[in-house]
Each structure stands twice: as structure tokens, then as C-alpha cells.
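final-v7.cif follows; it contains mmCIF, C-alpha atoms.
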data_coords
#
loop_
_atom_site.label_atom_id
_atom_site.label_comp_id
_atom_site.auth_asym_id
_atom_site.auth_seq_id
_atom_site.Cartn_x
_atom_site.Cartn_y
_atom_site.Cartn_z
CA MET A 1 9.90 -44.11 -13.65
CA SER A 2 10.48 -43.28 -10.00
CA GLU A 3 14.10 -43.11 -8.87
CA THR A 4 13.40 -44.39 -5.37
CA GLY A 5 11.13 -46.98 -3.84
CA ALA A 6 10.73 -50.73 -4.15
CA GLY A 7 13.15 -53.00 -5.90
CA ALA A 8 16.32 -52.26 -3.93
CA GLY A 9 19.09 -54.77 -4.05
CA GLN A 10 18.50 -55.94 -7.63
CA ASP A 11 21.70 -56.02 -9.66
CA THR A 12 22.42 -55.25 -13.31
CA THR A 13 22.66 -58.84 -14.51
CA PHE A 14 18.95 -59.52 -14.81
CA GLU A 15 17.49 -60.32 -18.20
CA GLY A 16 16.34 -57.14 -19.87
CA TRP A 17 19.05 -54.75 -18.64
CA ASP A 18 20.09 -54.09 -22.25
CA ARG A 19 16.57 -52.94 -23.08
CA LEU A 20 16.52 -50.21 -20.41
CA ASN A 21 17.44 -46.61 -21.16
CA TRP A 22 19.92 -44.75 -18.98
CA ARG A 23 17.24 -43.28 -16.71
CA GLU A 24 15.74 -46.70 -16.06
CA ARG A 25 19.16 -48.18 -15.38
CA ARG A 26 19.97 -45.37 -12.99
CA ALA A 27 16.64 -45.83 -11.26
CA ARG A 28 17.51 -49.45 -10.54
CA ARG A 29 20.92 -48.50 -9.18
CA LEU A 30 19.46 -45.71 -7.03
CA ARG A 31 16.85 -48.07 -5.59
CA ARG A 32 19.63 -50.49 -4.70
CA TRP A 33 21.56 -47.67 -3.00
CA ILE A 34 18.68 -46.19 -1.04
CA GLY A 35 17.34 -49.62 -0.11
CA ALA A 36 20.65 -50.81 1.39
CA LYS A 37 19.41 -54.39 1.35
CA GLY A 38 22.69 -55.85 2.60
CA VAL A 39 23.28 -53.40 5.48
CA PRO A 40 22.67 -54.95 8.94
CA PHE A 41 21.03 -51.87 10.45
CA ALA A 42 21.23 -51.76 14.24
CA THR A 43 18.05 -49.70 14.59
CA ALA A 44 15.12 -48.50 12.54
CA SER A 45 16.35 -44.92 13.03
CA ALA A 46 19.73 -45.78 11.49
CA LYS A 47 17.99 -47.27 8.45
CA SER A 48 15.80 -44.20 8.15
CA ALA A 49 18.79 -41.85 8.44
CA TYR A 50 20.63 -43.81 5.76
CA SER A 51 17.74 -43.57 3.30
CA GLU A 52 17.16 -39.90 4.07
CA ARG A 53 20.80 -39.05 3.37
CA VAL A 54 20.79 -40.87 0.07
CA GLN A 55 17.54 -39.13 -0.88
CA LEU A 56 19.12 -35.72 -0.19
CA LEU A 57 21.82 -36.45 -2.75
CA ILE A 58 19.37 -37.89 -5.27
CA ASP A 59 17.27 -34.72 -5.06
CA ALA A 60 20.34 -32.50 -5.48
CA LEU A 61 21.54 -34.60 -8.43
CA ARG A 62 18.16 -34.18 -10.12
CA LEU A 63 18.49 -30.37 -9.68
CA MET A 64 15.78 -30.28 -7.04
CA LYS A 65 15.95 -28.61 -3.64
CA PRO A 66 16.29 -31.28 -0.93
CA THR A 67 14.74 -30.90 2.50
CA ARG A 68 18.23 -29.76 3.49
CA VAL A 69 21.59 -29.52 1.74
CA PRO A 70 23.63 -32.75 1.81
CA VAL A 71 26.93 -32.12 3.61
CA SER A 72 30.17 -34.07 3.54
CA ALA A 73 33.90 -33.66 3.05
CA ILE A 74 36.53 -35.54 1.07
CA MET A 75 38.66 -36.95 3.83
CA GLY A 76 42.32 -37.87 3.53
CA PHE A 77 44.38 -38.27 6.71
CA TYR A 78 42.19 -36.17 9.00
CA PRO A 79 40.01 -38.98 10.44
CA THR A 80 43.11 -40.85 11.59
CA ARG A 81 44.77 -37.67 12.85
CA TYR A 82 41.60 -36.94 14.78
CA GLY A 83 42.09 -40.42 16.25
CA GLY A 84 45.65 -39.59 17.31
CA LEU A 85 47.49 -41.58 14.62
CA SER A 86 50.48 -40.46 12.61
CA ALA A 87 50.30 -40.73 8.83
CA LYS A 88 52.54 -43.80 9.03
CA GLU A 89 50.28 -45.51 11.58
CA ALA A 90 47.25 -44.67 9.45
CA MET A 91 48.73 -46.43 6.42
CA TYR A 92 50.25 -49.41 8.25
CA ASP A 93 47.92 -50.25 11.14
CA PHE A 94 44.60 -51.13 9.54
CA GLU A 95 42.82 -51.93 12.78
CA LYS A 96 43.79 -48.63 14.43
CA SER A 97 42.81 -46.77 11.27
CA ALA A 98 39.40 -48.44 11.30
CA VAL A 99 38.85 -47.51 14.96
CA ALA A 100 39.83 -43.90 14.18
CA HIS A 101 37.37 -43.71 11.29
CA SER A 102 34.60 -45.06 13.49
CA ALA A 103 35.33 -42.38 16.08
CA PHE A 104 35.37 -39.73 13.36
CA TYR A 105 31.97 -40.79 12.03
CA GLU A 106 30.55 -40.95 15.55
CA HIS A 107 31.64 -37.39 16.36
CA PHE A 108 31.08 -35.49 13.11
CA LEU A 109 28.21 -37.44 11.52
CA PRO A 110 28.90 -36.44 7.91
CA ASP A 111 26.22 -37.37 5.42
CA PHE A 112 28.53 -39.76 3.55
CA GLN A 113 31.49 -42.00 4.23
CA SER A 114 35.08 -41.34 3.15
CA GLN A 115 37.54 -43.91 1.82
CA PRO A 116 40.48 -44.49 4.21
CA VAL A 117 44.02 -43.84 2.99
CA PRO A 118 45.63 -46.67 1.01
CA PRO A 119 47.49 -49.58 2.64
CA ALA A 120 51.26 -49.05 2.80
CA PRO A 121 52.09 -52.77 3.26
CA VAL A 122 50.76 -53.34 -0.25
CA PHE A 123 53.13 -50.65 -1.54
CA ASP A 124 55.95 -52.40 0.34
CA ARG A 125 55.23 -55.83 -1.11
CA LEU A 126 55.03 -54.48 -4.65
CA GLY A 127 58.16 -52.35 -4.30
CA LEU A 128 56.37 -49.32 -5.71
CA GLN A 129 58.71 -46.65 -6.99
CA PHE A 130 56.33 -44.04 -8.38
CA VAL A 131 54.95 -43.04 -4.98
CA GLN A 132 56.46 -41.99 -1.68
CA TRP A 133 54.75 -42.76 1.62
CA PRO A 134 55.47 -42.27 5.33
CA GLY A 135 58.78 -43.91 6.14
CA HIS A 136 59.55 -44.38 2.43
CA GLY A 137 60.75 -41.10 1.00
CA VAL A 138 58.76 -38.79 3.28
CA GLY A 139 58.49 -38.29 7.03
CA ASP A 140 56.33 -40.43 9.28
CA ASP A 141 53.64 -37.76 9.47
CA THR A 142 53.71 -36.60 5.83
CA PRO A 143 50.91 -37.70 3.47
CA TRP A 144 51.78 -40.08 0.64
CA GLN A 145 52.37 -38.61 -2.80
CA TYR A 146 53.08 -39.52 -6.41
CA LEU A 147 56.47 -39.07 -8.07
CA GLU A 148 55.72 -37.85 -11.56
CA ALA A 149 58.08 -38.96 -14.34
CA GLU A 150 58.03 -40.20 -17.93
CA TYR A 151 57.12 -43.80 -17.17
CA MET A 152 56.14 -44.17 -20.82
CA LYS A 153 58.71 -43.18 -23.42
CA PRO A 154 57.68 -40.80 -26.23
CA GLU A 155 58.24 -43.51 -28.84
CA GLU A 156 55.95 -46.03 -27.08
CA TYR A 157 52.54 -44.65 -28.06
CA ASP A 158 52.06 -47.28 -30.76
CA ALA A 159 52.65 -50.12 -28.29
CA LEU A 160 50.14 -48.62 -25.86
CA ILE A 161 47.55 -48.13 -28.58
CA ALA A 162 48.03 -51.62 -30.02
CA ASP A 163 47.49 -53.45 -26.71
CA PRO A 164 47.20 -51.41 -23.48
CA SER A 165 47.14 -54.47 -21.22
CA ASP A 166 50.24 -55.96 -22.81
CA TYR A 167 51.99 -52.59 -22.72
CA PHE A 168 51.29 -52.11 -19.01
CA ARG A 169 52.65 -55.59 -18.20
CA ARG A 170 55.75 -55.37 -20.37
CA ALA A 171 56.74 -51.72 -19.94
CA PHE A 172 54.86 -49.57 -17.44
CA LEU A 173 54.45 -51.86 -14.43
CA PRO A 174 58.11 -53.02 -14.31
CA ARG A 175 59.12 -49.35 -14.22
CA ILE A 176 56.94 -48.47 -11.25
CA GLY A 177 57.12 -51.61 -9.09
CA SER A 178 59.93 -54.13 -8.64
CA ALA A 179 57.50 -57.03 -8.08
CA PHE A 180 56.22 -56.62 -11.64
CA GLY A 181 59.61 -56.80 -13.37
CA PRO A 182 59.79 -60.56 -13.99
CA LEU A 183 56.28 -60.56 -15.51
CA ALA A 184 57.51 -58.57 -18.50
CA GLY A 185 59.04 -61.71 -20.01
CA LEU A 186 55.88 -63.78 -19.95
CA GLU A 187 54.32 -64.73 -23.25
CA SER A 188 51.19 -62.95 -24.36
CA PHE A 189 48.17 -64.98 -23.28
CA ALA A 190 47.01 -64.73 -26.88
CA ASN A 191 49.82 -67.19 -27.68
CA LEU A 192 48.14 -69.88 -25.57
CA MET A 193 45.65 -70.79 -28.27
CA GLU A 194 47.01 -74.14 -29.46
CA ALA A 195 47.39 -77.21 -27.27
CA SER A 196 50.57 -78.24 -29.08
CA THR A 197 52.36 -74.95 -28.29
CA ILE A 198 51.06 -74.28 -24.78
CA PRO A 199 53.78 -76.40 -23.10
CA PHE A 200 56.47 -74.19 -24.62
CA ASN A 201 54.68 -70.86 -24.11
CA ILE A 202 54.23 -71.46 -20.39
CA LEU A 203 57.92 -72.21 -19.72
CA PRO A 204 58.60 -68.70 -18.33
CA PHE A 205 56.29 -69.52 -15.41
CA ALA A 206 58.99 -71.92 -14.16
CA ASP A 207 61.53 -69.09 -13.94
CA PRO A 208 62.46 -68.59 -10.24
CA ALA A 209 62.18 -64.82 -10.74
CA VAL A 210 58.61 -65.20 -11.97
CA LEU A 211 57.75 -67.49 -9.06
CA GLU A 212 59.17 -64.90 -6.66
CA ALA A 213 57.12 -62.17 -8.36
CA VAL A 214 53.96 -64.24 -8.00
CA ARG A 215 54.73 -64.81 -4.34
CA ARG A 216 55.13 -61.06 -3.78
CA LEU A 217 51.89 -60.35 -5.62
CA ALA A 218 50.10 -62.94 -3.50
CA GLU A 219 51.44 -61.35 -0.31
CA ALA A 220 50.30 -57.93 -1.55
CA ALA A 221 46.86 -59.34 -2.29
CA GLU A 222 46.67 -60.81 1.22
CA GLU A 223 47.51 -57.39 2.68
CA SER A 224 44.80 -55.85 0.48
CA LEU A 225 42.26 -58.32 1.84
CA ARG A 226 43.31 -57.59 5.42
CA TYR A 227 42.95 -53.87 4.73
CA LEU A 228 39.53 -54.26 3.12
CA ASN A 229 38.28 -56.40 5.98
CA ALA A 230 39.33 -53.76 8.52
CA VAL A 231 38.11 -50.64 6.76
CA GLY A 232 35.07 -52.50 5.50
CA ALA A 233 34.05 -53.23 9.07
CA ALA A 234 34.36 -49.52 9.94
CA ASN A 235 32.25 -48.51 6.96
CA THR A 236 29.65 -51.18 7.66
CA GLU A 237 29.40 -49.92 11.23
CA ALA A 238 29.01 -46.34 10.00
CA ALA A 239 26.10 -47.45 7.83
CA ALA A 240 24.52 -49.92 10.23
CA ARG A 241 24.73 -47.94 13.47
CA LEU A 242 24.83 -44.32 12.32
CA GLY A 243 23.01 -44.46 9.00
CA ILE A 244 25.92 -42.97 7.03
CA PRO A 245 25.95 -44.34 3.46
CA PRO A 246 28.91 -44.73 1.12
CA LEU A 247 29.36 -41.92 -1.40
CA ALA A 248 31.17 -43.46 -4.36
CA GLY A 249 31.15 -46.98 -5.73
CA GLY A 250 34.22 -46.60 -7.91
CA MET A 251 36.59 -44.24 -9.64
CA ALA A 252 37.62 -43.35 -13.17
CA LYS A 253 40.05 -41.03 -14.92
CA ALA A 254 39.95 -38.74 -17.88
CA PRO A 255 41.77 -40.62 -20.67
CA TYR A 256 44.09 -37.64 -21.12
CA ASP A 257 44.99 -37.78 -17.41
CA VAL A 258 46.02 -41.42 -17.80
CA LEU A 259 48.67 -40.11 -20.18
CA ALA A 260 49.47 -36.82 -18.45
CA ASP A 261 49.41 -38.03 -14.82
CA THR A 262 50.41 -41.67 -14.99
CA LEU A 263 52.40 -42.32 -18.16
CA ARG A 264 54.03 -39.29 -19.78
CA GLY A 265 53.94 -36.71 -16.97
CA THR A 266 53.24 -32.99 -17.21
CA LYS A 267 56.38 -32.13 -19.16
CA GLY A 268 56.21 -35.13 -21.48
CA ILE A 269 52.58 -34.60 -22.45
CA ALA A 270 53.14 -30.87 -23.04
CA VAL A 271 55.93 -31.68 -25.49
CA ASP A 272 53.83 -34.37 -27.16
CA ARG A 273 51.02 -31.90 -27.83
CA PHE A 274 53.41 -30.12 -30.19
CA ARG A 275 55.51 -32.99 -31.54
CA GLN A 276 53.00 -35.82 -31.91
CA PRO A 277 49.46 -34.62 -31.22
CA GLU A 278 47.97 -37.34 -33.41
CA LYS A 279 49.44 -40.00 -31.09
CA ILE A 280 47.78 -38.38 -28.08
CA LEU A 281 44.42 -38.35 -29.84
CA ALA A 282 44.75 -41.98 -30.88
CA ALA A 283 45.81 -43.00 -27.37
CA VAL A 284 42.97 -41.25 -25.54
CA GLU A 285 40.47 -42.80 -27.97
CA ARG A 286 41.99 -46.23 -27.26
CA LEU A 287 41.80 -45.67 -23.49
CA THR A 288 38.19 -44.45 -23.46
CA PRO A 289 36.39 -47.84 -23.46
CA LEU A 290 38.91 -49.16 -20.92
CA MET A 291 38.00 -46.32 -18.51
CA ILE A 292 34.30 -47.07 -18.92
CA ASP A 293 34.78 -50.81 -18.32
CA TRP A 294 37.04 -50.14 -15.32
CA ALA A 295 34.43 -47.98 -13.59
CA VAL A 296 31.51 -50.25 -14.45
CA ASP A 297 33.36 -53.26 -13.04
CA GLN A 298 34.03 -51.43 -9.76
CA ALA A 299 30.44 -50.24 -9.43
CA ALA A 300 29.08 -53.74 -10.01
CA ALA A 301 30.26 -54.74 -6.54
CA ALA A 302 29.09 -51.55 -4.79
CA ASP A 303 25.75 -50.15 -3.71
CA ALA A 304 26.59 -46.50 -4.39
CA PRO A 305 26.24 -45.63 -8.09
CA LEU A 306 28.53 -42.59 -8.00
CA VAL A 307 31.89 -42.85 -9.79
CA ILE A 308 34.44 -40.23 -8.82
CA PHE A 309 36.81 -38.70 -11.37
CA VAL A 310 39.82 -36.84 -9.95
CA LEU A 311 40.58 -34.37 -12.74
CA HIS A 312 44.05 -32.85 -12.99
CA LYS A 313 45.55 -31.72 -16.27
CA GLY A 314 42.37 -30.10 -17.59
CA ALA A 315 42.41 -27.37 -14.94
CA ASP A 316 42.91 -23.70 -15.78
CA GLY A 317 46.52 -23.02 -16.74
CA PHE A 318 47.46 -26.54 -17.81
CA MET A 319 46.45 -26.04 -21.42
CA SER A 320 44.75 -23.52 -23.69
CA ASP A 321 41.01 -23.54 -24.27
CA ALA A 322 41.58 -24.89 -27.78
CA ASP A 323 43.73 -27.74 -26.45
CA PHE A 324 41.15 -28.52 -23.74
CA ARG A 325 38.47 -28.80 -26.41
CA THR A 326 40.74 -30.96 -28.58
CA PHE A 327 42.69 -33.25 -26.26
CA TYR A 328 40.87 -33.33 -22.94
CA TRP A 329 37.13 -32.85 -23.18
CA PRO A 330 35.94 -35.11 -26.04
CA THR A 331 37.11 -38.40 -24.53
CA LEU A 332 36.31 -37.33 -20.97
CA LYS A 333 32.77 -36.59 -22.16
CA ALA A 334 32.68 -39.98 -23.88
CA VAL A 335 33.62 -41.75 -20.63
CA MET A 336 31.04 -39.74 -18.69
CA ASN A 337 28.31 -40.55 -21.19
CA GLY A 338 29.38 -44.19 -21.22
CA LEU A 339 28.87 -44.37 -17.46
CA ILE A 340 25.63 -42.41 -17.58
CA ASP A 341 24.35 -44.88 -20.16
CA GLU A 342 25.08 -47.66 -17.64
CA GLY A 343 22.99 -45.89 -15.00
CA LEU A 344 26.00 -44.55 -13.08
CA VAL A 345 26.53 -41.00 -11.81
CA PRO A 346 29.85 -39.29 -12.62
CA LEU A 347 31.15 -37.21 -9.70
CA MET A 348 33.63 -34.86 -11.33
CA PHE A 349 36.22 -33.67 -8.79
CA ALA A 350 37.69 -30.68 -10.65
CA GLU A 351 40.84 -29.93 -8.69
CA GLY A 352 42.26 -26.43 -9.08
CA GLY A 353 40.20 -23.88 -10.99
CA TYR A 354 37.74 -24.56 -13.82
CA ASP A 355 36.61 -20.98 -14.49
CA SER A 356 37.72 -21.06 -18.13
CA ARG A 357 36.15 -24.50 -18.69
CA LEU A 358 32.60 -23.81 -17.51
CA GLY A 359 31.20 -23.09 -20.96
CA VAL A 360 32.63 -26.33 -22.32
CA ILE A 361 31.52 -28.63 -19.52
CA ALA A 362 27.95 -27.31 -19.75
CA ASP A 363 27.80 -29.50 -22.83
CA GLU A 364 24.23 -30.29 -23.89
CA GLU A 365 25.34 -33.74 -25.06
CA ILE A 366 25.55 -34.69 -21.36
CA PRO A 367 21.99 -35.21 -20.09
CA ALA A 368 20.77 -32.61 -17.60
CA GLY A 369 20.66 -33.84 -14.02
CA SER A 370 23.00 -36.75 -14.64
CA VAL A 371 26.31 -35.57 -13.15
CA ILE A 372 27.77 -33.77 -10.13
CA TRP A 373 30.63 -31.28 -10.50
CA LEU A 374 32.72 -30.94 -7.34
CA PHE A 375 34.74 -27.73 -7.57
CA ASP A 376 37.88 -26.81 -5.68
CA ARG A 377 38.82 -23.19 -6.51
CA THR A 378 36.27 -22.38 -9.20
CA ASP A 379 34.09 -19.25 -8.93
CA MET A 380 30.98 -20.93 -7.54
CA ALA A 381 28.57 -18.13 -8.44
CA ALA A 382 29.74 -18.37 -12.05
CA ALA A 383 29.53 -22.17 -11.95
CA LYS A 384 25.93 -21.96 -10.72
CA ARG A 385 24.98 -19.48 -13.43
CA VAL A 386 26.42 -21.65 -16.20
CA LEU A 387 25.40 -25.08 -14.89
CA ARG A 388 22.09 -24.18 -13.20
CA ASP A 389 19.96 -26.21 -15.61
CA ARG A 390 22.65 -28.76 -16.49
CA ALA A 391 24.30 -30.26 -13.43
CA CYS A 392 24.42 -30.36 -9.66
CA ILE A 393 27.48 -28.58 -8.28
CA ALA A 394 29.35 -29.21 -5.04
CA GLY A 395 32.26 -27.80 -3.03
CA ASN A 396 34.13 -25.54 -2.43
CA VAL A 397 34.96 -24.86 1.24
CA PRO A 398 38.73 -24.13 1.19
CA ASN A 399 41.06 -26.45 3.06
CA SER A 400 43.08 -23.43 4.15
CA LEU A 401 40.01 -22.01 5.90
CA LEU A 402 39.32 -25.31 7.64
CA ALA A 403 42.96 -25.65 8.72
CA VAL A 404 43.73 -22.14 10.01
CA GLY A 405 40.44 -20.22 10.09
CA ALA A 406 38.07 -19.67 12.97
CA ALA A 407 34.75 -21.43 13.33
CA GLN A 408 32.89 -18.13 12.85
CA GLU A 409 34.77 -17.49 9.58
CA VAL A 410 33.78 -20.93 8.32
CA GLU A 411 30.16 -20.32 9.27
CA GLN A 412 30.17 -17.00 7.37
CA TYR A 413 31.84 -18.50 4.30
CA VAL A 414 29.49 -21.48 4.17
CA THR A 415 26.41 -19.28 4.60
CA ARG A 416 27.48 -17.03 1.69
CA LEU A 417 28.24 -20.08 -0.45
CA LEU A 418 24.85 -21.62 0.25
CA ASP A 419 23.03 -18.34 -0.36
CA GLU A 420 24.75 -18.11 -3.75
CA CYS A 421 24.44 -21.71 -4.88
CA ALA A 422 21.82 -23.67 -2.95
CA THR A 423 18.71 -21.51 -2.96
CA GLU A 424 17.30 -23.19 -6.08
CA GLY A 425 18.64 -26.66 -5.24
CA GLY A 426 21.14 -28.70 -7.21
CA PHE A 427 23.92 -28.20 -4.66
CA MET A 428 25.94 -30.32 -2.24
CA LEU A 429 28.19 -28.76 0.41
CA MET A 430 31.65 -30.31 0.46
CA SER A 431 35.27 -29.42 1.06
CA GLY A 432 37.05 -28.16 -2.03
CA ALA A 433 39.88 -30.66 -1.74
CA VAL A 434 41.00 -33.73 0.19
CA VAL A 435 41.21 -32.85 3.89
CA ASP A 436 44.38 -33.89 5.68
CA ASP A 437 44.51 -31.03 8.18
CA THR A 438 41.65 -29.21 9.85
CA LYS A 439 40.46 -28.27 13.30
CA PRO A 440 37.51 -30.05 14.89
CA GLU A 441 35.71 -26.79 15.51
CA THR A 442 36.02 -25.56 11.91
CA LEU A 443 34.90 -28.87 10.43
CA GLU A 444 32.00 -28.92 12.88
CA ALA A 445 31.11 -25.36 11.85
CA MET A 446 31.03 -26.37 8.18
CA ILE A 447 28.85 -29.42 8.79
CA GLU A 448 26.46 -27.82 11.26
CA THR A 449 26.02 -24.62 9.23
CA GLY A 450 25.23 -26.66 6.13
CA ARG A 451 22.87 -28.91 8.02
CA ALA A 452 20.95 -25.99 9.58
CA TRP A 453 20.70 -23.79 6.46
CA ARG A 454 17.31 -23.70 4.78
CA GLY A 455 17.59 -20.77 2.36
#
Go ahead and render the structure in this file as C-alpha cells.
Amino acid sequence: MSETGAGAGQDTTFEGWDRLNWRERRARRLRRWIGAKGVPFATASAKSAYSERVQLLIDALRLMKPTRVPVSAIMGFYPTRYGGLSAKEAMYDFEKSAVAHSAFYEHFLPDFQSQPVPPAPVFDRLGLQFVQWPGHGVGDDTPWQYLEAEYMKPEEYDALIADPSDYFRRAFLPRIGSAFGPLAGLESFANLMEASTIPFNILPFADPAVLEAVRRLAEAAEESLRYLNAVGAANTEAAARLGIPPLAGGMAKAPYDVLADTLRGTKGIAVDRFRQPEKILAAVERLTPLMIDWAVDQAAAADAPLVIFVLHKGADGFMSDADFRTFYWPTLKAVMNGLIDEGLVPLMFAEGGYDSRLGVIADEEIPAGSVIWLFDRTDMAAAKRVLRDRACIAGNVPNSLLAVGAAQEVEQYVTRLLDECATEGGFMLMSGAVVDDTKPETLEAMIETGRAWRG
């Protein structure tokens, strides 16, 4: 079955979806992406450029050699800094941020869009306490960041495993955002099953604290809509006028990273691996279907079928090879295969180094040509040798080189990287990490060198 061509714009709700295999499901999603049925293209050339860029990635994904290497970068604050905004302005002034992104796309013409930085007014309304952002814990021109802590107590695994949604409402969310606190006292919705008891179970909704919490959540939602309308307009313009498609249609996490990043923290999870390893294994198994459903739900509303995973605690140095094979990889693989089965494409952003993990991630239980590995500091020649017949690889232009190097140095680095990794196809040129700081001339050198290389 062809993975491009007619049929774009059809969704996954049609009768017969359950009878398709993963390749057929992916083919439908890729046709929807490349067809861009809902994009109001300004010109025929913009529509053609859009389809050509998507086809470059499809060919690389399928381990083929595209007509040229697809080139992009994972952007953080740089587009708004290029537009003259501080980090605080970028997170608070949605309209200015959208204008800056439009100017960035116009000048650099990357092959794919980047997601703007998150909206700080939403953080304000929710009273978030597990992140710091410009003007709230860090300087006005400092990127936002997470504050890692043990937001889940070591004795709370059973509550998480029994009912993750209930646990998040009653325990986790009140600890990380003041707006969520009053919601902890609400009855479980499972208690609303009998008409005769509903009047008593809904009494907490009359609590003034709960009403205030709902008001704050509504205000946060309104800010989210305002943000999405602004950045959505910038992204629509990038597609319609410049032919730059979106890259990812959603995100997911490794189940272990939900514990190690979000809930228990680096120290807590390291202790748990020795004191209660069976609880970790039970928890990551419980979280696996939730991660699949989360990503599938996001992708249902998007054209792009790629789902990005930002991988953290599986990197070299965070755990032994035996622990990686025990705690990290099995459920991450299960999530990946769950998404592949739904016709989605996992984009695995392996932050840090993955040199010691290459043999594991070349797992033959993951279909060949179904996933993209985006590497940060991994030995790319080794990654290509190991994954050549298994997966497309991407990366790994260093942020340090983009920020302080010379354009000629970037050109030389990118040429060597492409000569090593792109000659046979199955490669996408990208930055190795999220770009907050760079120089226009070095970013231009990366993009133009990649675009001109033919190998």
C-alpha cells in the first residue's frame, strides 16, 4: 500500500480502522499529513513545498535516501530572541511571540515548524510550583525550568497503581499547583452511580474553595485558548504561505520517566530501585496504556503523525545496562509499539548520550522503518552502524557549536556528519538539543549546508 497519494484528510474514525494493520493505518495518516487538506495555501508553490518537505521525511523514515536531507532544528526561545523579545515577553505576549515566529520562519525556512514556548499566564493562573519561569524564580531573560522534587511519596505507589487519575487529583496536582488544591476533596466520580446518593456526593462542589478553584481553572483555560489562537495563526501562516509543515502531532513519555522526572525525582527513583523495585515495575506497567492513549488522543486532532518522546532518565550514566533493560526499556518499547500499531511514528528525542543503549534500542520487536531516533550527544557513526537497517536517525549538531562557533565550523561539522550518516539515507539533520541561543549565521550555515548536500 502506497504511503502517499490520494485519500488525504481522512481521519481514523471510519468504519474498518480496526481491520487495518499498522502499515495501512500509517499510510492513511501519512496521506492526511502530506495532503494538508485543511491548509489554506496562498500559492500552488507553497502547497508543493509543503508536500515535498513531508515526502523528504517520509523517505528518511522508511530508510530511503530522499532527494535531499530534511533539515530542521528543535527550537526553544531562539525564534523569539531572533525577534528581539526577552524570555519573559516570549512567554507572556502571545501576539508578539507569534509575530517573531513568523519572522523566524520567513528568514530561515526550516523544513518543519517548531512549537512556541509555553504560556506563562497559564502557569500564573494555576499557581504552578514545580516550575520556574521568567519573573517567577528566574530572571526575565532566563528560560523556564522544572524544579525536581519528590512530588509522590515513596509509600504512595499503591495509590498510583490503583487509580492514576484519582491519585493525580488527590495527591500530585495539589502539590504542584495551588489552583488544584481544593479539588482533592471532591468525591470520586465513580461514586456518582446512584440517583439517590448523587445529591450528597456532589455537595463538595458548593464549597467556596472549590468554586474558586474552578474559576481559576477556567481562567487558565481561557489563556490557553488565547495562546493557541495566536501561535496557531503563526503556524498556519508558515504552512499556507511558506509551505512549512508541522513536525509532531503530540508527545509522550517513557513510563519510567513519568516516575523519575515528574513524580519521584532522580534521587527518589534511584532509592526505589533498591528498596522497592517491584513497585516501580508495577507502576510503569500501569502507566503504559495511559501513555499510549494520551498520545493517540493528541494525534487525533493533528495532521502530523509524529509523536515526540523527550527521554531523560534512560541516558548513559543514569542507570546500569541491566537496570535499563529491566526498568526503562520494556515499557518504553510497549508504548512505542502501541503507537506504531495505531499508525503513528515515534520520534525518540534521546537527550544526553545513548552510546551504551544502542544495542538495546535496535530491538527487532520494533518494526524496521517505523521510528526516528533523534540523538543529542550519541556517537552518530556508531548509531548509524547499529541502526542502519532498523531506524532513521537524526541530530546531532551541538548547541554549543551553534551558539559560539563560526559558520565555517558549522559547515565542516555538518558535512562530516552527513558524510557519515546520510549517504545511504535514513537520516534527518537536526540540532542535538532544544535551541535557545544561537547566531543567525551559524543556524543558516547548518540549514544551508544540509539543504545543499547530496552525498
**Asked** So which one's closest to Thr266 in chain A, A:His312, A:Met64, A:Gln55, A:Pro289? Using only C-alpha atoms, please.
**Response** A:His312
**Message:** Which residue is closest to Tyr413 in chain A? Choose from A:Ala283, A:Ala445, A:Ala103, A:Val335 and count all atoms listed in the file.
**Reply:**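 Under the stated criterion, the closest residue is A:Ala445.
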Residues of range 384-445 of chain A at most 10 Å from range 336-355 of chain A: nearest atom pair and distance in Å, only C-alpha atoms, as a tab-separated table:
residue	atom	partner	partner_atom	distance
A:Cys392	CA	A:Leu347	CA	9.6
A:Ile393	CA	A:Met348	CA	9.3
A:Ala394	CA	A:Phe349	CA	9.0
A:Gly395	CA	A:Phe349	CA	9.1
A:Gly432	CA	A:Glu351	CA	7.9
A:Ala433	CA	A:Glu351	CA	7.1
A:Val434	CA	A:Glu351	CA	9.7
**Request:** Find, counting only C-alpha atoms, the residue in A:Leu402, A:Ile161, A:Ala73, A:Leu217 that gets nearest to Arg125 in chain A.
**Result:**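 The closest residue to Arg125 in chain A is A:Leu217.
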**Request:** Report the residues retrieved by the PyMOL selection byres ((chain A and resi 110) around 12) from the displayed file, expressed as a ChimeraX atom specification.
**Result:** /A:49-50,53,69-75,79,101-109,111-114,238-239,242-247,429-431,443-448,450-451
**Message:** For a quick check of understanding, using only C-alpha atoms, which of A:Ala230, A:Leu128, A:Val435, A:Met380 has the smallest distance to Val99 in chain A?
**Reply:**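 Selected residue with least distance to Val99 in chain A: A:Ala230.
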**Message:** At a cut-off of 7 Å, using all atoms listed in the file, what residues contact Tyr146 in chain A? Leave out same-chain residues fewer than 6 positions from it and give the result as a list in words.
**Reply:**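 Selected residues are Phe130, Val131 and Gln132 of chain A.
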**Item:** Residues returned when the PyMOL selection byres ((chain A and resi 134) around 10) runs on this file, as a VMD selection string
**Value:** chain A and resid 86 to 92 120 132 to 133 135 to 145
**Prompt:** Expanded to explicit residues, what is the PyMOL selection byres ((chain A and resi 253) around 10) for this file, as a PyMOL selection string?
**Reply:** chain A and resi 251-252+254-258+261+287-288+291-292+294-295+307-312+332+335-336+348
**Request:** Select, from A:Ala213, A:Val284, A:Val296, A:Leu358, the residue with the minimum atom-to-atom distance to Pro330 in chain A, counting all atoms listed in the file.
**Result:** A:Val284
**Item:** Which residue of A:Gly177, A:Val117, A:Glu155, A:Asp166 approaches Phe189 in chain A most closely, using only C-alpha atoms
**Value:**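 Nearest candidate to Phe189 in chain A out of A:Gly177, A:Val117, A:Glu155, A:Asp166: A:Asp166.
If you look at CA of Leu30 in chain A and CA of Pro305 in chain A, they are 6.9 Å away from each other.
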